[in-house]
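Report on the structure given below.
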Amino acid sequence: MDFRFEIVQDYMPFFLKGMAVTIGVSLAGILIGLILGLFIALGNMSSNKLIRLPFNIYINIFRGTPLLVQLLIIHFGIVPMFMSPSDPLVSLIIGLSLNSAAYIAEIFRAGIQSIDKGQMEAARSLGMTRVQAMKLVILPQAVKRVIPPLGNEFIVLLKESSLGSVLAAPELMYWGRAAAGQYIRIWEPYLTVALIYLVLTLSLTYLMNYVERRMKTDDLR
Amino acid sequence: MISVKNLKKSFGDNEVLKDISLDVDSQEVVVVIGPSGSGKSTFIRCLNMLETINGGQVLIDGKDLTDKNTNINTIRTDVGMVFQHFNLFPHKTILDNITLAPMNVRKMKKKEAEEKAMGLLEKVGLAEKASAYPESLSGGQKQRVAIARALAMEPKIMLFDEPTSALDPEMVGEVLEVMKQLAKDGMTMIVVTHEMGFAREVGDRVIFMDNGYIIEQNEPTALFDKPQHKRTKAFLSKVL
Ligand SMILES: Nc1ncnc2c1ncn2[C@@H]1O[C@H](COP(=O)(O)OP(=O)(O)O)[C@@H](O)[C@H]1O
Ligand SMILES: [Mg+2]
């Protein structure tokens, strides 16, 4: 197998640009997903069945269908209603946000429900409203427990953002496919892209482990 | 102060409180005893609506808990509760545990709330622990903080659900001591406990519950020394 490094070299500026876009859309996706996810998690834990229902449906739809299908529907069906022509980056960010929101909602729910019931009871018995008890007592404790699964979700999201290439969003995978098409080569572009993803996810894993260790040391409170 | 009329409470098909009626006067200390599973916890949890009530009526200081227009959160500030497992907030210092509700529910200024909290911590003998976290406290110390935290809301009534049952024996005394002082200061109290010595010494009245009913109630000496009911006798012979 002859590996032509000059292809990698020629395309490096595009790969780096693609990497920046990949990081950007993933960050946007996780941040919007966090806000939506918290809201959905709280809605999904309402004591009122009717309020729970739409949140529950949302979670099931977005977790139960492939992200690729969601992206295609969003890009070719929904975004064109508001924007023409639809920008693939906008569609990708919307898709990643809505999809991660469903997973993040479940992460938050698990985190909140892992807090001892006595905490809510103590807060309520002191006269706090449900919202106050959530904000002041439950969520601050749940945050620590949801950080590791949220880190995993971010890693998953970073990899799944590669589906944006199908929409021609100029992220890392898109440039890999572009190089493969231009040079009619397989190994150089795809191995390079794979390596860049690997560096990104491994750095994130390392960062997460560091954060977790840090949290453990000041967890004695 | 507290008036309970024909209170009923079920969990699904399981009727846990069958027909409870009880009046408690201001400054009275009522001790509730009875076998495990008889409904003692459920009963006092109904008094601050930690459990929803299925039937009957509960009046706290004249306010009807079962009335939809009653603001439960205001009632709860009048009714302090101390739990078997303390339920301190582990992410807050001892001082912050105590000031959290006064500052957020009563909208008290931070400085005022902290001064008040320090006063209460002194009262329960834990002023030097103000900046510690719950993790570093012994069970007895945690429970004393939990009492101080409830008192910070200036309740008119204090409910205790087996406050010493989760403690090592050598720590029971320090918590009971704080409760005795509270009774002396004139607090209206309902205490679920297995500490018969405390019941005798501090209780104005002892209530024996079994199987969702109040079987018998009397002054402590009368109830302990001359129980009238067969089931009371059987229970007392096991615990005394
Ligand atoms: N949240 C709940 N859901 C279902 N059953 C409950 C719940 N809490 C208590 N019970 C049941 O109610 C009965 C009385 O419990 P409890 O009031 O805790 O008794 P005690 O405090 O006297 O030991 C028990 O049979 C218990 O299983
Ligand atoms: Mg109990």
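By convention in this document, the chains of the structure tokens carry letters A, B, ... by their order, each chain's residues are numbered from 1, and ligands are numbered from 1 in the order they are shown.
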**Request:** Report as a PyMOL selection string: the residues of range 75-218 of chain B with a DSSP assignment of strand (DSSP E), based on the backbone of this structure.
**Result:** chain B and resi 79-82+157-161+188-192+205-210+213-218
**Item:** Within-8 Å residues of ligand 2, basis only C-alpha atoms and all ligand atoms, as a list in words
**Value:** Ser36, Gly37, Gly39, Lys40, Ser41, Thr42, Asp161, Glu162 and Val192 of chain B
**Request:** Could you please select, counting only C-alpha atoms, the residues of chain A within 12 Å of chain B and state them as a ChimeraX atom specification?
**Result:** /A:115-133,135-144,218-221
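In this structure, CA of Glu160 in chain A sits 28.0 Å away from CA of Met45 in chain A.
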Set out as a Markdown table a contact list for chain B and ligand 1 with a cut-off of 12 Å, giving each residue of chain B that qualifies its closest atom pair and distance in Å to one decimal, counting only C-alpha atoms and all ligand atoms, ordered by chain and rising residue number.
```
| residue | atom | partner | partner_atom_place_in_ligand_line | distance |
| --- | --- | --- | --- | --- |
| B:Lys8 | CA | ligand 1 | 12 (O) | 12.0 |
| B:Lys9 | CA | ligand 1 | 12 (O) | 9.0 |
| B:Ser10 | CA | ligand 1 | 12 (O) | 7.8 |
| B:Phe11 | CA | ligand 1 | 4 (C) | 4.9 |
| B:Gly12 | CA | ligand 1 | 4 (C) | 7.3 |
| B:Asp13 | CA | ligand 1 | 5 (N) | 9.4 |
| B:Asn14 | CA | ligand 1 | 5 (N) | 7.2 |
| B:Glu15 | CA | ligand 1 | 12 (O) | 7.7 |
| B:Val16 | CA | ligand 1 | 12 (O) | 5.1 |
| B:Leu17 | CA | ligand 1 | 14 (C) | 7.9 |
| B:Lys18 | CA | ligand 1 | 14 (C) | 11.1 |
| B:Val32 | CA | ligand 1 | 22 (O) | 9.2 |
| B:Ile33 | CA | ligand 1 | 22 (O) | 8.1 |
| B:Gly34 | CA | ligand 1 | 22 (O) | 6.5 |
| B:Pro35 | CA | ligand 1 | 22 (O) | 6.1 |
| B:Ser36 | CA | ligand 1 | 23 (O) | 3.6 |
| B:Gly37 | CA | ligand 1 | 19 (O) | 3.5 |
| B:Ser38 | CA | ligand 1 | 22 (O) | 3.9 |
| B:Gly39 | CA | ligand 1 | 17 (O) | 3.2 |
| B:Lys40 | CA | ligand 1 | 22 (O) | 3.7 |
| B:Ser41 | CA | ligand 1 | 21 (O) | 3.6 |
| B:Thr42 | CA | ligand 1 | 17 (O) | 3.6 |
| B:Phe43 | CA | ligand 1 | 17 (O) | 6.3 |
| B:Ile44 | CA | ligand 1 | 17 (O) | 8.3 |
| B:Arg45 | CA | ligand 1 | 17 (O) | 8.3 |
| B:Cys46 | CA | ligand 1 | 17 (O) | 9.8 |
| B:Leu50 | CA | ligand 1 | 1 (N) | 10.0 |
| B:Glu51 | CA | ligand 1 | 1 (N) | 8.1 |
| B:Thr52 | CA | ligand 1 | 1 (N) | 10.5 |
| B:Phe83 | CA | ligand 1 | 21 (O) | 11.2 |
| B:Gln84 | CA | ligand 1 | 21 (O) | 10.2 |
| B:Phe160 | CA | ligand 1 | 21 (O) | 11.2 |
| B:Asp161 | CA | ligand 1 | 21 (O) | 7.8 |
| B:Glu162 | CA | ligand 1 | 21 (O) | 8.4 |
| B:Pro163 | CA | ligand 1 | 21 (O) | 11.9 |
| B:Ser165 | CA | ligand 1 | 21 (O) | 11.5 |
| B:Val191 | CA | ligand 1 | 21 (O) | 11.5 |
| B:Val192 | CA | ligand 1 | 21 (O) | 8.1 |
| B:Thr193 | CA | ligand 1 | 21 (O) | 9.7 |
| B:His194 | CA | ligand 1 | 22 (O) | 10.9 |
| B:Phe208 | CA | ligand 1 | 22 (O) | 10.4 |
| B:Met209 | CA | ligand 1 | 22 (O) | 7.8 |
| B:Asp210 | CA | ligand 1 | 22 (O) | 7.9 |
| B:Asn211 | CA | ligand 1 | 14 (C) | 8.0 |
| B:Gly212 | CA | ligand 1 | 14 (C) | 7.6 |
| B:Tyr213 | CA | ligand 1 | 22 (O) | 10.7 |
| B:Ile214 | CA | ligand 1 | 22 (O) | 11.4 |
```
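CA of Met19 in chain A lies 28.6 Å from CA of Glu106 in chain A.
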Name all residues at most 12 Å from Asp185 in chain B (count only C-alpha atoms; drop same-chain ones fewer than 4 positions away) and give them as a PDB file with N, CA, C and O atoms, in the first residue's frame.
```
ATOM      1  N   SER B  26     -51.865  24.121  72.288  1.00  0.00           N
ATOM      2  CA  SER B  26     -50.642  24.889  72.214  1.00  0.00           C
ATOM      3  C   SER B  26     -49.740  24.499  73.376  1.00  0.00           C
ATOM      4  O   SER B  26     -50.218  24.294  74.505  1.00  0.00           O
ATOM      5  N   GLN B  27     -48.441  24.359  73.109  1.00  0.00           N
ATOM      6  CA  GLN B  27     -47.413  24.029  74.094  1.00  0.00           C
ATOM      7  C   GLN B  27     -47.483  22.600  74.624  1.00  0.00           C
ATOM      8  O   GLN B  27     -46.728  22.229  75.513  1.00  0.00           O
ATOM      9  N   GLU B  28     -48.389  21.811  74.034  1.00  0.00           N
ATOM     10  CA  GLU B  28     -48.478  20.429  74.487  1.00  0.00           C
ATOM     11  C   GLU B  28     -47.413  19.573  73.791  1.00  0.00           C
ATOM     12  O   GLU B  28     -47.063  19.827  72.642  1.00  0.00           O
ATOM     13  N   VAL B  29     -46.906  18.561  74.514  1.00  0.00           N
ATOM     14  CA  VAL B  29     -45.980  17.617  73.904  1.00  0.00           C
ATOM     15  C   VAL B  29     -46.657  16.247  73.850  1.00  0.00           C
ATOM     16  O   VAL B  29     -46.949  15.646  74.884  1.00  0.00           O
ATOM     17  N   LYS B 123     -27.556  27.400  70.611  1.00  0.00           N
ATOM     18  CA  LYS B 123     -28.577  26.745  71.410  1.00  0.00           C
ATOM     19  C   LYS B 123     -28.439  25.217  71.359  1.00  0.00           C
ATOM     20  O   LYS B 123     -28.644  24.536  72.364  1.00  0.00           O
ATOM     21  N   LYS B 156     -44.585  27.082  64.724  1.00  0.00           N
ATOM     22  CA  LYS B 156     -45.415  27.036  65.926  1.00  0.00           C
ATOM     23  C   LYS B 156     -45.514  25.608  66.441  1.00  0.00           C
ATOM     24  O   LYS B 156     -45.878  25.389  67.593  1.00  0.00           O
ATOM     25  N   VAL B 178     -31.724  18.398  73.608  1.00  0.00           N
ATOM     26  CA  VAL B 178     -32.175  19.562  72.842  1.00  0.00           C
ATOM     27  C   VAL B 178     -33.703  19.579  72.766  1.00  0.00           C
ATOM     28  O   VAL B 178     -34.348  20.624  72.906  1.00  0.00           O
ATOM     29  N   MET B 179     -34.291  18.390  72.586  1.00  0.00           N
ATOM     30  CA  MET B 179     -35.754  18.329  72.477  1.00  0.00           C
ATOM     31  C   MET B 179     -36.425  18.678  73.808  1.00  0.00           C
ATOM     32  O   MET B 179     -37.470  19.329  73.838  1.00  0.00           O
ATOM     33  N   LYS B 180     -35.811  18.250  74.889  1.00  0.00           N
ATOM     34  CA  LYS B 180     -36.358  18.586  76.222  1.00  0.00           C
ATOM     35  C   LYS B 180     -36.362  20.093  76.423  1.00  0.00           C
ATOM     36  O   LYS B 180     -37.343  20.663  76.926  1.00  0.00           O
ATOM     37  N   GLN B 181     -35.245  20.719  76.040  1.00  0.00           N
ATOM     38  CA  GLN B 181     -35.143  22.163  76.191  1.00  0.00           C
ATOM     39  C   GLN B 181     -36.230  22.854  75.376  1.00  0.00           C
ATOM     40  O   GLN B 181     -36.873  23.799  75.844  1.00  0.00           O
ATOM     41  N   MET B 189     -45.285  20.116  70.357  1.00  0.00           N
ATOM     42  CA  MET B 189     -44.513  19.065  69.704  1.00  0.00           C
ATOM     43  C   MET B 189     -45.307  17.769  69.557  1.00  0.00           C
ATOM     44  O   MET B 189     -46.031  17.381  70.467  1.00  0.00           O
ATOM     45  N   VAL B 202     -40.994  13.990  79.405  1.00  0.00           N
ATOM     46  CA  VAL B 202     -41.328  15.212  78.680  1.00  0.00           C
ATOM     47  C   VAL B 202     -42.765  15.215  78.159  1.00  0.00           C
ATOM     48  O   VAL B 202     -43.383  16.266  78.019  1.00  0.00           O
TER      49      VAL B 202
END
```
**Request:** Name the residues of range 12-209 of chain B that fall into alpha helix (DSSP H) according to DSSP on the backbone, using the chain letters and numbers of this document, as an MDAnalysis selection string.
**Result:** chainID B and resid 40:46 72:78 94:104 110:123 139:151 169:184 196:202
**Asked** If we count only C-alpha atoms, what is near Ile59 in chain A at a cut-off of 10 Å, once residues fewer than 6 positions away on the same chain are taken out, given as a ChimeraX atom specification?
**Response** /A:37,40-41,44,98-106
With N, CA and C atoms retained, export the selected residues as an mmCIF file, in the first residue's frame.
```
data_model
loop_
_atom_site.group_PDB
_atom_site.id
_atom_site.type_symbol
_atom_site.label_atom_id
_atom_site.label_comp_id
_atom_site.auth_asym_id
_atom_site.auth_seq_id
_atom_site.Cartn_x
_atom_site.Cartn_y
_atom_site.Cartn_z
ATOM 1 N N GLY A 37 -32.835 20.271 27.186
ATOM 2 C CA GLY A 37 -32.912 19.004 27.908
ATOM 3 C C GLY A 37 -33.375 19.183 29.341
ATOM 4 N N ILE A 40 -37.052 19.862 29.237
ATOM 5 C CA ILE A 40 -37.805 18.647 28.899
ATOM 6 C C ILE A 40 -37.815 17.671 30.081
ATOM 7 N N ALA A 41 -36.663 17.574 30.755
ATOM 8 C CA ALA A 41 -36.590 16.661 31.904
ATOM 9 C C ALA A 41 -37.581 17.084 32.985
ATOM 10 N N ASN A 44 -41.046 16.357 31.881
ATOM 11 C CA ASN A 44 -41.284 14.916 31.856
ATOM 12 C C ASN A 44 -41.429 14.344 33.262
ATOM 13 N N LEU A 98 -31.661 19.258 18.928
ATOM 14 C CA LEU A 98 -32.926 18.591 19.254
ATOM 15 C C LEU A 98 -32.674 17.144 19.658
ATOM 16 N N ASN A 99 -31.754 16.500 18.949
ATOM 17 C CA ASN A 99 -31.466 15.102 19.245
ATOM 18 C C ASN A 99 -30.791 14.960 20.609
ATOM 19 N N SER A 100 -29.774 15.778 20.868
ATOM 20 C CA SER A 100 -29.080 15.639 22.151
ATOM 21 C C SER A 100 -29.996 16.052 23.304
ATOM 22 N N ALA A 101 -30.922 16.982 23.051
ATOM 23 C CA ALA A 101 -31.840 17.401 24.117
ATOM 24 C C ALA A 101 -32.599 16.202 24.674
ATOM 25 N N ALA A 102 -32.997 15.281 23.779
ATOM 26 C CA ALA A 102 -33.750 14.112 24.236
ATOM 27 C C ALA A 102 -32.883 13.235 25.141
ATOM 28 N N TYR A 103 -31.642 12.996 24.723
ATOM 29 C CA TYR A 103 -30.751 12.172 25.551
ATOM 30 C C TYR A 103 -30.399 12.892 26.852
ATOM 31 N N ILE A 104 -30.143 14.199 26.745
ATOM 32 C CA ILE A 104 -29.762 14.967 27.935
ATOM 33 C C ILE A 104 -30.923 15.016 28.933
ATOM 34 N N ALA A 105 -32.144 15.096 28.399
ATOM 35 C CA ALA A 105 -33.316 15.098 29.288
ATOM 36 C C ALA A 105 -33.320 13.828 30.137
ATOM 37 N N GLU A 106 -33.005 12.703 29.509
ATOM 38 C CA GLU A 106 -32.990 11.441 30.258
ATOM 39 C C GLU A 106 -31.826 11.406 31.252
#
```
**Message:** Would you pick out the contacts of range 177-189 of chain A at 12 Å or less, using only C-alpha atoms, so that residues sharing its chain but fewer than 2 positions from it are not included, and give the list as a PyMOL selection string?
**Reply:** chain A and resi 1-15+18+162-166+168-175+191-196
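Rounded to one decimal, CA of Ser26 in chain A and CA of Gly95 in chain A lie 10.6 Å from each other.
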